[in-house]
Amino acid sequence: MATVAVLVGGYGWLGSIAGGTLGALVGCAAGLVAGAFLYLLVDSAVSGHPIWHRRVRRASRRPAR
């Protein structure tokens with residue numbers, strides 16, 4: 001969470017210097033996207049496969065015929 005806050009704050013600050021309020025908003029959005037990308041990248045590296053492969057498929061409760 002702290003990494004995302006630093007990214008959003010840093011990109012927002014840089015955006016505010018470059019483009020005022022609109023730049024700050026775009027910078028914050030870029031920080032959120034960068035944080036999400038880093039989360040997916042690190043999670044994929046740690047778990048060995050992407051998040052979307054983690055779903056556990058439960059067997060149907062109907063008896064086999």
# chains A, B, ... in the order shown; residues from 1 in each chain; ligands from 1
$ residues_around --residues "Gly10 in chain A" --least-positions-apart "3" --cutoff "10 Å" --atoms "only C-alpha atoms" --output "list in words"
Val4, Ala5, Val6, Leu7, Trp13, Leu14, Gly15, Ser16, Ala24, Gly27, Cys28 and Gly31 of chain A
$ atom_distance --atom1 "CA of Leu22 in chain A" --atom2 "CA of Leu40 in chain A"
27.4 Å
$ atom_distance --atom1 "CA of Val42 in chain A" --atom2 "CA of Gly23 in chain A"
28.0 Å
$ atom_distance --atom1 "CA of Gly19 in chain A" --atom2 "CA of Tyr39 in chain A"
27.6 Å
